[in-house]
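A.B. asks: Please find model-v4.tsv (TSV, C-alpha atoms and all ligand atoms) on the next line:
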chain	number	residue	atom	x	y	z
B	228	MET	CA	-33.88	11.08	-3.43
B	229	THR	CA	-33.71	8.95	-0.30
B	230	LEU	CA	-35.00	5.41	-0.73
B	231	PRO	CA	-37.15	3.67	1.87
B	232	TRP	CA	-35.79	0.53	3.55
B	233	PRO	CA	-36.45	-1.83	1.83
B	234	ALA	CA	-36.77	0.01	-1.48
B	235	ASN	CA	-39.79	-0.46	-3.71
B	236	TRP	CA	-37.94	-1.13	-6.97
B	237	SER	CA	-40.94	-1.57	-9.24
B	238	GLU	CA	-42.22	1.82	-8.08
B	239	LEU	CA	-38.80	3.42	-8.63
B	240	PHE	CA	-38.54	2.00	-12.17
B	241	ASP	CA	-42.26	2.36	-12.80
B	242	LYS	CA	-42.26	-1.25	-13.95
B	243	GLU	CA	-41.74	-4.61	-12.32
B	244	ARG	CA	-38.85	-6.50	-13.92
B	245	PRO	CA	-36.23	-8.95	-12.59
B	246	LEU	CA	-33.36	-7.13	-10.87
B	247	ILE	CA	-29.67	-7.02	-11.77
B	248	LEU	CA	-27.25	-5.36	-9.35
B	249	GLU	CA	-23.69	-4.15	-9.96
B	250	ILE	CA	-21.66	-3.13	-6.90
B	251	GLY	CA	-18.82	-0.62	-7.41
B	252	PHE	CA	-19.54	0.32	-11.04
B	253	GLY	CA	-16.66	2.83	-11.38
B	254	ASN	CA	-16.97	4.65	-14.71
B	255	GLY	CA	-20.35	3.01	-15.32
B	256	ASP	CA	-19.58	1.42	-18.71
B	257	TYR	CA	-20.32	-2.10	-17.51
B	258	LEU	CA	-23.52	-0.88	-15.86
B	259	MET	CA	-24.65	0.64	-19.17
B	260	HIS	CA	-23.69	-2.59	-20.94
B	261	LEU	CA	-25.84	-4.56	-18.47
B	262	ALA	CA	-28.77	-2.19	-19.03
B	263	ARG	CA	-28.49	-2.30	-22.84
B	264	SER	CA	-28.10	-6.06	-23.03
B	265	ASN	CA	-30.92	-6.73	-20.55
B	266	PRO	CA	-33.81	-4.49	-21.66
B	267	ASP	CA	-36.29	-6.73	-19.84
B	268	HIS	CA	-34.51	-6.26	-16.48
B	269	ASN	CA	-34.16	-3.38	-14.02
B	270	VAL	CA	-30.45	-2.71	-13.53
B	271	ILE	CA	-29.22	-1.08	-10.31
B	272	GLY	CA	-25.66	0.16	-9.84
B	273	ILE	CA	-24.15	0.95	-6.45
B	274	GLU	CA	-21.15	3.18	-5.99
B	275	ILE	CA	-19.55	4.98	-3.04
B	276	ALA	CA	-17.47	7.51	-5.03
B	277	ASN	CA	-19.24	10.81	-5.80
B	278	LYS	CA	-17.33	11.37	-9.06
B	279	SER	CA	-18.25	7.93	-10.40
B	280	MET	CA	-21.87	8.61	-9.44
B	281	GLU	CA	-21.88	11.86	-11.40
B	282	LYS	CA	-20.35	10.21	-14.47
B	283	ALA	CA	-22.80	7.33	-14.41
B	284	GLU	CA	-25.77	9.64	-13.95
B	285	ARG	CA	-24.67	11.61	-17.01
B	286	LYS	CA	-24.27	8.41	-19.03
B	287	ILE	CA	-27.69	7.15	-17.94
B	288	ALA	CA	-29.38	10.47	-18.82
B	289	ALA	CA	-27.64	10.64	-22.21
B	290	SER	CA	-28.60	7.04	-23.04
B	291	GLY	CA	-32.31	7.58	-22.50
B	292	LEU	CA	-32.48	4.10	-20.95
B	293	LEU	CA	-35.27	3.72	-18.39
B	294	ASN	CA	-34.17	0.38	-16.93
B	295	VAL	CA	-31.02	1.55	-15.12
B	296	ARG	CA	-30.45	3.54	-11.92
B	297	ALA	CA	-27.31	4.53	-10.03
B	298	ILE	CA	-27.53	4.50	-6.24
B	299	HIS	CA	-25.02	6.25	-4.01
B	300	GLY	CA	-23.99	4.04	-1.10
B	301	ARG	CA	-21.92	1.16	0.15
B	302	GLY	CA	-22.67	-2.22	-1.36
B	303	GLU	CA	-22.99	-3.67	2.14
B	304	THR	CA	-25.59	-1.03	3.14
B	305	VAL	CA	-27.62	-1.51	0.01
B	306	LEU	CA	-27.64	-5.32	0.27
B	307	HIS	CA	-28.68	-5.30	3.92
B	308	HIS	CA	-31.14	-2.41	3.94
B	309	LEU	CA	-32.63	-1.97	0.46
B	310	PHE	CA	-33.17	-5.49	-0.88
B	311	GLU	CA	-35.53	-8.21	0.33
B	312	PRO	CA	-34.24	-11.80	0.54
B	313	ALA	CA	-34.43	-13.76	-2.75
B	314	SER	CA	-35.12	-10.63	-4.81
B	315	ILE	CA	-32.11	-10.21	-7.17
B	316	GLU	CA	-31.51	-12.28	-10.29
B	317	GLN	CA	-27.86	-11.33	-10.89
B	318	ILE	CA	-25.16	-9.65	-8.80
B	319	HIS	CA	-21.99	-8.41	-10.53
B	320	VAL	CA	-18.81	-7.22	-8.80
B	321	ASN	CA	-15.95	-6.13	-11.06
B	322	TYR	CA	-12.49	-5.44	-9.73
B	323	PRO	CA	-13.33	-4.55	-6.12
B	324	ASP	CA	-10.79	-3.25	-3.56
B	325	PRO	CA	-7.63	-3.02	-5.73
B	326	TRP	CA	-5.49	-2.21	-2.69
B	327	PHE	CA	-7.29	-4.58	-0.37
B	328	LYS	CA	-4.22	-5.59	1.64
B	329	THR	CA	-3.47	-2.04	2.71
B	330	ARG	CA	-7.04	-1.35	3.75
B	331	HIS	CA	-8.64	-2.42	6.97
B	332	ALA	CA	-9.70	-6.03	6.35
B	333	GLY	CA	-13.15	-5.27	7.76
B	334	ARG	CA	-13.70	-2.72	4.98
B	335	ARG	CA	-13.08	-5.22	2.18
B	336	LEU	CA	-16.15	-5.74	0.02
B	337	ILE	CA	-15.80	-9.49	-0.48
B	338	GLN	CA	-15.87	-10.98	2.99
B	339	ARG	CA	-18.06	-13.41	4.93
B	340	ASP	CA	-20.85	-10.97	5.84
B	341	THR	CA	-21.18	-9.58	2.33
B	342	LEU	CA	-21.22	-13.05	0.77
B	343	ASP	CA	-23.91	-14.14	3.24
B	344	ALA	CA	-25.95	-11.07	2.27
B	345	ILE	CA	-25.39	-11.85	-1.44
B	346	VAL	CA	-26.62	-15.44	-0.98
B	347	SER	CA	-29.61	-14.21	1.00
B	348	ARG	CA	-30.60	-11.59	-1.60
B	349	LEU	CA	-30.17	-13.78	-4.72
B	350	GLU	CA	-33.29	-15.38	-6.16
B	351	PRO	CA	-33.40	-19.16	-6.60
B	352	GLN	CA	-30.93	-19.95	-9.43
B	353	GLY	CA	-29.70	-16.35	-9.27
B	354	MET	CA	-26.15	-15.66	-10.50
B	355	PHE	CA	-23.14	-14.10	-8.78
B	356	TYR	CA	-20.30	-12.83	-11.01
B	357	LEU	CA	-16.98	-11.59	-9.64
B	358	GLY	CA	-13.90	-10.40	-11.53
B	359	THR	CA	-10.49	-9.39	-10.19
B	360	ASP	CA	-6.96	-9.02	-11.54
B	361	ILE	CA	-5.35	-9.51	-8.14
B	362	LEU	CA	-4.33	-13.15	-7.67
B	363	ASP	CA	-4.31	-12.87	-3.86
B	364	TYR	CA	-7.83	-11.46	-3.99
B	365	ALA	CA	-8.96	-14.31	-6.25
B	366	GLU	CA	-7.49	-16.85	-3.81
B	367	MET	CA	-9.11	-15.13	-0.85
B	368	ALA	CA	-12.49	-15.03	-2.67
B	369	HIS	CA	-12.12	-18.68	-3.68
B	370	ASP	CA	-11.50	-19.70	-0.04
B	371	LEU	CA	-14.59	-17.79	1.08
B	372	LEU	CA	-16.72	-19.21	-1.73
B	373	LEU	CA	-15.66	-22.76	-0.77
B	374	GLU	CA	-17.28	-22.03	2.59
B	375	THR	CA	-20.47	-20.70	0.99
B	376	PRO	CA	-22.78	-23.70	0.62
B	377	GLY	CA	-25.60	-21.61	-0.90
B	378	LEU	CA	-23.61	-20.95	-4.09
B	379	THR	CA	-22.37	-23.47	-6.68
B	380	ASN	CA	-19.41	-22.84	-8.97
B	381	GLN	CA	-20.54	-22.94	-12.62
B	382	GLN	CA	-17.03	-23.45	-14.01
B	383	ASP	CA	-14.72	-26.47	-13.91
B	384	THR	CA	-11.96	-24.40	-12.34
B	385	PRO	CA	-12.18	-22.03	-9.34
B	386	TRP	CA	-12.06	-19.12	-11.80
B	387	SER	CA	-11.34	-18.60	-15.49
B	388	ASP	CA	-9.18	-16.09	-17.33
B	389	THR	CA	-11.80	-15.12	-19.88
B	390	MET	CA	-15.54	-14.83	-19.83
B	391	SER	CA	-17.74	-14.56	-22.89
B	392	GLY	CA	-20.38	-11.86	-23.01
B	393	ARG	CA	-18.30	-9.43	-20.96
B	394	ILE	CA	-17.13	-6.03	-22.03
B	395	VAL	CA	-13.72	-5.04	-20.69
B	396	THR	CA	-14.05	-2.64	-17.73
B	397	LYS	CA	-11.70	0.27	-17.09
B	398	TYR	CA	-9.84	-1.54	-14.31
B	399	GLU	CA	-9.80	-4.75	-16.29
B	400	GLU	CA	-8.11	-2.91	-19.17
B	401	LYS	CA	-5.59	-1.37	-16.74
B	402	GLY	CA	-4.85	-4.88	-15.43
B	403	TYR	CA	-4.18	-6.22	-18.95
B	404	ARG	CA	-1.94	-3.21	-19.72
B	405	GLU	CA	0.05	-3.85	-16.57
B	406	GLY	CA	0.31	-7.60	-17.18
B	407	ARG	CA	-2.41	-8.80	-14.80
B	408	PRO	CA	-5.03	-10.99	-16.49
B	409	GLY	CA	-8.56	-11.14	-15.14
B	410	HIS	CA	-9.83	-13.91	-12.87
B	411	PHE	CA	-13.56	-14.45	-13.31
B	412	PHE	CA	-15.88	-16.30	-10.95
B	413	VAL	CA	-19.35	-17.52	-11.93
B	414	TYR	CA	-21.53	-18.92	-9.15
B	415	GLN	CA	-25.20	-19.86	-9.02
B	416	ARG	CA	-27.61	-19.87	-6.10
B	417	ASN	CA	-28.53	-23.50	-5.36
B	418	ASP	CA	-31.37	-24.82	-3.22
B	419	ARG	CA	-29.40	-25.04	0.05
B	420	PRO	CA	-30.89	-22.71	2.68
B	421	ALA	CA	-29.66	-19.11	2.63
B	422	PRO	CA	-28.12	-17.53	5.72
B	423	ASP	CA	-30.68	-15.60	7.74
B	424	VAL	CA	-29.79	-12.01	6.83
B	425	SER	CA	-32.83	-9.97	7.77
B	426	VAL	CA	-33.70	-6.69	6.04
B	427	MET	CA	-32.53	-3.97	8.39
B	428	LYS	CA	-35.29	-1.42	8.75
B	429	GLU	CA	-35.34	2.10	10.13
B	430	LEU	CA	-36.15	2.44	13.82
B	431	ALA	CA	-38.26	5.23	15.34
B	432	MET	CA	-36.49	8.58	15.76
B	433	PRO	CA	-34.48	8.62	19.00
B	434	HIS	CA	-34.62	11.55	21.38
B	435	VAL	CA	-33.60	12.53	24.91
B	436	VAL	CA	-35.06	15.25	27.15
B	437	LEU	CA	-32.52	16.66	29.58
B	438	SER	CA	-32.80	18.98	32.53
B	439	SER	CA	-29.61	20.86	33.35
B	440	PRO	CA	-28.74	24.07	35.18
B	441	LEU	CA	-25.91	24.56	32.65
B	442	SER	CA	-26.25	26.95	29.74
B	443	PRO	CA	-25.48	25.68	26.23
B	444	GLU	CA	-22.32	27.83	26.32
B	445	ALA	CA	-21.15	26.09	29.52
B	446	MET	CA	-21.78	22.66	27.97
B	447	LEU	CA	-19.90	23.69	24.83
B	448	ASP	CA	-16.92	24.74	26.97
B	449	GLN	CA	-16.63	21.20	28.32
B	450	PHE	CA	-16.87	19.48	24.94
B	451	ASP	CA	-13.84	17.79	23.45
B	452	LYS	CA	-13.68	15.20	20.67
B	453	MET	CA	-14.91	11.87	22.10
B	454	THR	CA	-15.21	8.33	20.81
B	455	HIS	CA	-17.56	5.60	21.94
B	456	HIS	CA	-17.37	1.93	20.97
B	457	ALA	CA	-20.59	0.03	21.57
B	458	PRO	CA	-21.30	-3.69	21.35
B	459	GLY	CA	-22.25	-4.85	17.86
B	460	ASP	CA	-19.18	-3.25	16.25
B	461	ILE	CA	-20.59	0.27	16.47
B	462	HIS	CA	-18.00	3.06	16.49
B	463	ILE	CA	-19.10	6.61	17.21
B	464	VAL	CA	-16.90	9.70	17.02
B	465	TYR	CA	-18.29	12.98	18.36
B	466	LEU	CA	-16.11	15.24	16.26
B	467	GLU	CA	-17.09	18.79	17.03
B	468	ALA	CA	-19.70	20.90	18.83
B	469	PHE	CA	-20.97	24.22	17.52
B	470	MET	CA	-23.14	26.96	19.03
B	471	ASP	CA	-26.16	28.16	17.10
B	472	HIS	CA	-26.39	31.60	18.73
B	473	ARG	CA	-29.72	32.53	17.18
B	474	ARG	CA	-31.54	29.51	18.64
B	475	ARG	CA	-29.14	29.08	21.57
B	476	ALA	CA	-28.86	25.46	20.46
B	477	LEU	CA	-25.84	23.20	20.32
B	478	LEU	CA	-25.00	21.19	17.23
B	479	PHE	CA	-22.84	18.05	17.56
B	480	GLU	CA	-21.11	16.66	14.46
B	481	ILE	CA	-20.86	12.88	14.57
B	482	LYS	CA	-19.31	10.16	12.42
B	483	MET	CA	-20.48	6.64	12.98
B	484	GLN	CA	-19.65	3.23	11.60
B	485	GLU	CA	-21.98	0.28	11.99
B	486	PRO	CA	-21.33	-3.07	10.29
B	487	THR	CA	-23.74	-2.33	7.46
B	488	ILE	CA	-23.74	1.48	7.27
B	489	ASP	CA	-21.52	4.54	7.75
B	490	GLN	CA	-23.20	7.81	8.69
B	491	HIS	CA	-22.06	11.41	9.14
B	492	PHE	CA	-24.76	13.47	10.82
B	493	CYS	CA	-25.61	16.08	13.47
B	494	LEU	CA	-27.48	15.92	16.76
B	495	THR	CA	-28.89	19.12	18.16
B	496	LEU	CA	-29.56	20.12	21.78
B	497	THR	CA	-32.36	22.68	21.76
B	498	PRO	CA	-33.78	24.61	24.74
B	499	ARG	CA	-37.49	23.97	25.35
B	500	ASP	CA	-40.08	26.44	26.61
B	501	ASP	CA	-40.17	24.66	30.02
B	502	GLY	CA	-36.39	25.20	30.50
B	503	ASP	CA	-35.35	21.63	29.69
B	504	TYR	CA	-33.42	20.62	26.57
B	505	THR	CA	-34.29	18.21	23.77
B	506	LEU	CA	-31.53	16.20	22.09
B	507	ILE	CA	-32.59	15.03	18.62
B	508	PHE	CA	-31.00	14.57	15.23
B	509	THR	CA	-31.19	17.05	12.39
B	510	SER	CA	-31.69	16.43	8.69
B	511	ILE	CA	-28.03	17.35	8.01
B	512	GLY	CA	-26.42	14.37	6.24
B	513	ASN	CA	-29.81	12.66	5.71
B	514	PRO	CA	-29.28	10.30	8.65
B	515	ARG	CA	-31.20	7.06	9.07
B	516	PRO	CA	-32.45	6.08	12.53
B	517	THR	CA	-30.43	2.92	13.07
B	518	LEU	CA	-29.44	1.19	16.31
B	519	GLY	CA	-26.13	3.11	16.21
B	520	MET	CA	-28.00	6.39	15.89
B	521	HIS	CA	-30.03	5.50	19.01
B	522	ILE	CA	-26.87	4.57	20.91
B	523	ALA	CA	-25.16	7.81	19.80
B	524	THR	CA	-28.12	9.87	21.03
B	525	GLY	CA	-28.38	8.04	24.37
B	526	HIS	CA	-24.64	8.22	25.02
B	527	LEU	CA	-24.44	11.94	24.24
B	528	GLY	CA	-27.48	12.55	26.50
B	529	ASP	CA	-25.72	10.69	29.32
B	530	TRP	CA	-22.56	12.72	28.78
B	531	LEU	CA	-24.51	16.01	28.89
B	532	ALA	CA	-26.25	14.85	32.09
B	533	SER	CA	-22.86	13.99	33.63
B	534	LEU	CA	-21.65	17.58	33.32
B	535	HIS	CA	-23.47	18.82	36.42
B	536	PRO	CA	-24.59	17.03	39.61
B	537	GLU	CA	-28.10	18.49	39.31
B	538	ALA	CA	-28.50	17.61	35.64
B	539	ARG	CA	-30.69	14.59	34.84
B	540	ILE	CA	-32.37	12.80	31.98
B	541	VAL	CA	-36.10	13.60	32.09
B	542	SER	CA	-37.10	11.13	29.40
B	543	ARG	CA	-35.39	9.11	26.71
B	544	LYS	CA	-36.77	7.37	23.65
B	545	VAL	CA	-33.66	5.45	22.79
B	546	ARG	CA	-33.09	1.79	21.89
B	547	GLU	CA	-29.99	0.63	23.83
B	601	LIG	C1	-11.18	-0.72	-8.65
B	601	LIG	S1	-12.62	0.13	-8.97
B	601	LIG	C2	-13.40	-0.85	-10.22
B	601	LIG	C3	-14.41	-0.06	-11.00
B	601	LIG	C4	-15.13	-0.84	-12.11
B	601	LIG	N1	-15.95	-1.89	-11.56
B	601	LIG	C5	-14.14	-1.39	-13.08
B	601	LIG	O1	-13.98	-2.62	-13.14
B	601	LIG	O2	-13.51	-0.59	-13.80
B	601	LIG	C6	-13.60	-0.23	-7.53
B	601	LIG	C7	-14.86	0.61	-7.48
B	601	LIG	O3	-15.68	0.16	-6.43
B	601	LIG	C8	-16.12	1.26	-5.65
B	601	LIG	N2	-16.31	0.70	-4.30
B	601	LIG	C9	-15.34	0.28	-3.44
B	601	LIG	N3	-15.88	-0.23	-2.33
B	601	LIG	C10	-17.24	-0.13	-2.50
B	601	LIG	C11	-18.34	-0.48	-1.69
B	601	LIG	N4	-18.15	-1.01	-0.48
B	601	LIG	N5	-19.58	-0.25	-2.16
B	601	LIG	C12	-19.77	0.33	-3.38
B	601	LIG	N6	-18.75	0.69	-4.18
B	601	LIG	C13	-17.50	0.46	-3.76
B	601	LIG	C14	-15.00	2.27	-5.78
B	601	LIG	O4	-15.44	3.59	-5.55
B	601	LIG	C15	-14.59	2.07	-7.22
B	601	LIG	O5	-15.37	2.84	-8.12
Using structure tokens, write down the structure from this file.
Ligand SMILES: C[S@@+](CC[C@H](N)C(=O)[O-])C[C@H]1O[C@@H](n2cnc3c(N)ncnc32)[C@H](O)[C@@H]1O

C.D. replies:
Amino acid sequence: MTLPWPANWSELFDKERPLILEIGFGNGDYLMHLARSNPDHNVIGIEIANKSMEKAERKIAASGLLNVRAIHGRGETVLHHLFEPASIEQIHVNYPDPWFKTRHAGRRLIQRDTLDAIVSRLEPQGMFYLGTDILDYAEMAHDLLLETPGLTNQQDTPWSDTMSGRIVTKYEEKGYREGRPGHFFVYQRNDRPAPDVSVMKELAMPHVVLSSPLSPEAMLDQFDKMTHHAPGDIHIVYLEAFMDHRRRALLFEIKMQEPTIDQHFCLTLTPRDDGDYTLIFTSIGNPRPTLGMHIATGHLGDWLASLHPEARIVSRKVRE
């Protein structure tokens, strides 16, 4: 099921209740604990790993609980696209990014943009809970939280080593076994203004109409893997092109990273009855029409038009 942006949570749960969100739920035990101990709340878990999703879905089905849902996606995407400002009562993050130093810093979950989105999406007096066993991560998070005026530390120390009411998560247990205690942060949304993090909505579907004397086969011959970096931290990789012989259409496989969403999708160039071609996206990969998707379509259209001096763009419905 693909959720609209923003999602209608009371419709999804069939009941309006305050929202609790866990990002990166792993084996799902903490998510189930949240759902069981908060029967009067709707509990939403976000996870990027397919295997963890499957496990959690099995646990949810077996439990019979109706107040918990697992959503497949990146925490950043879900915060920016699915939730309205001031709509979440609690946000929990347990043991994120265990190898955060070896990963690209921009891919780390706890960073300025995500914290701004967390502050924006928390309700007045909403709570943010973070746990980690990595001391460097705790120090990094503490530095960022010091620069987050919309949240107030609820403990006398930057973090504590124990927290009542918690169950021990899988990674927490691993940390204890390997001699790394937990570091737990508890912050509350105060009445300072939240950063302006607007809900990112879907745009209209982009498309380009192209006139070209070249056949699809001739265009395919000229294709090689290409990358395009656009302003706004948008990275597009045109990985591969394929020929659909039955429809005489070309299929382009594309991977794209935007600050709040990663997408892997296909654009197709299809011959029209009037001899021109239409470049549009397909349903493969369930893509969302974002600004990056528009830029990817426009850029590929321009490249196709550049392949022959008589080729030209007839029309384009693309946000640049
Ligand atoms: C170290 S594990 C911790 C799992 C669990 N919270 C625990 O404490 O046992 C980190 C989890 O976060 C997920 N994850 C990492 N980055 C994420 C992101 N940006 N959005 C959603 N999930 C993410 C990973 O797939 C993994 O399941």

A.B. asks: Pick out the residues sitting within 9 Å of region 241-244 of chain B, and hand them over as an NGL selection string; count all atoms listed in the file, and ignore anything fewer than 4 positions along from it in its own chain.

C.D. replies: :B and (236-237 or 267-269 or 294)

A.B. asks: Residues within 9 Å of ligand LIG 601 (chain B), counting all atoms listed in the file: report them as a ChimeraX atom specification.

C.D. replies: /B:249-258,272-280,299-305,319-326,334-337,358-359,395-401

A.B. asks: Counting only C-alpha atoms, which of B:Thr495, B:Glu316, B:Pro385, B:Ser425 gets nearest to Glu366 (chain B)?

C.D. replies: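 Closest residue, counting only C-alpha atoms: B:Pro385.
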
A.B. asks: Enter the distance from CA of Phe412 (chain B) to CA of Pro312 (chain B), in Å, rounded to one decimal.

C.D. replies: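 Rounded to one decimal, the two atoms are 22.1 Å apart.
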
A.B. asks: Suppose you want the space between CA of Gln490 (chain B) and CA of Glu444 (chain B); what is it in Å?

C.D. replies: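 These two atoms are separated by 26.7 Å.
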
A.B. asks: Which one of B:Arg515, B:Lys282, B:His526, B:Lys428 sits closest to Val464 (chain B) if you count all atoms listed in the file?

C.D. replies: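 Closest candidate: B:His526.
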
A.B. asks: Would you list the contacts of Ala538 (chain B) as a list in words, taking every protein, DNA or RNA residue within 9 Å and counting all atoms listed in the file, but skipping same-chain residues closer than 5 positions in sequence?

C.D. replies: Leu437, Ser438, Ser439, Pro440, Leu441, Leu531, Ala532 and Ser533 of chain B

A.B. asks: Extract, using only C-alpha atoms, all DNA, RNA and protein residues at most 10 Å from Arg393 (chain B), discarding same-chain residues fewer than 4 positions from it, and format them as an MDAnalysis selection string.

C.D. replies: chainID B and resid 257 260:261 389

A.B. asks: Counting all atoms listed in the file, which residue out of B:Ser314, B:Thr497, B:Gly519, B:Gln382 sits closest to Gly459 (chain B)?

C.D. replies: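 Comparing B:Ser314, B:Thr497, B:Gly519, B:Gln382 against Gly459 (chain B), the winner is B:Gly519.
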
A.B. asks: Please compute the CA of Val270 (chain B)-CA of Leu239 (chain B) distance, one decimal, in Å.

C.D. replies: 11.5 Å

A.B. asks: Counting all atoms listed in the file, find the residues whose atoms lie at most 8 Å from (-25.5, -7.4, 5.6) (file coordinates) and write them out as a PyMOL selection string.

C.D. replies: chain B and resi 303-304+306-308+340-341+343-344+424+486-487

A.B. asks: I'd like to know which of B:Leu506, B:Ala297, B:Leu494, B:Leu466 is closest to Lys544 (chain B), using all atoms listed in the file.

C.D. replies: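 Using all atoms listed in the file, Lys544 (chain B) sits closest to B:Leu506.
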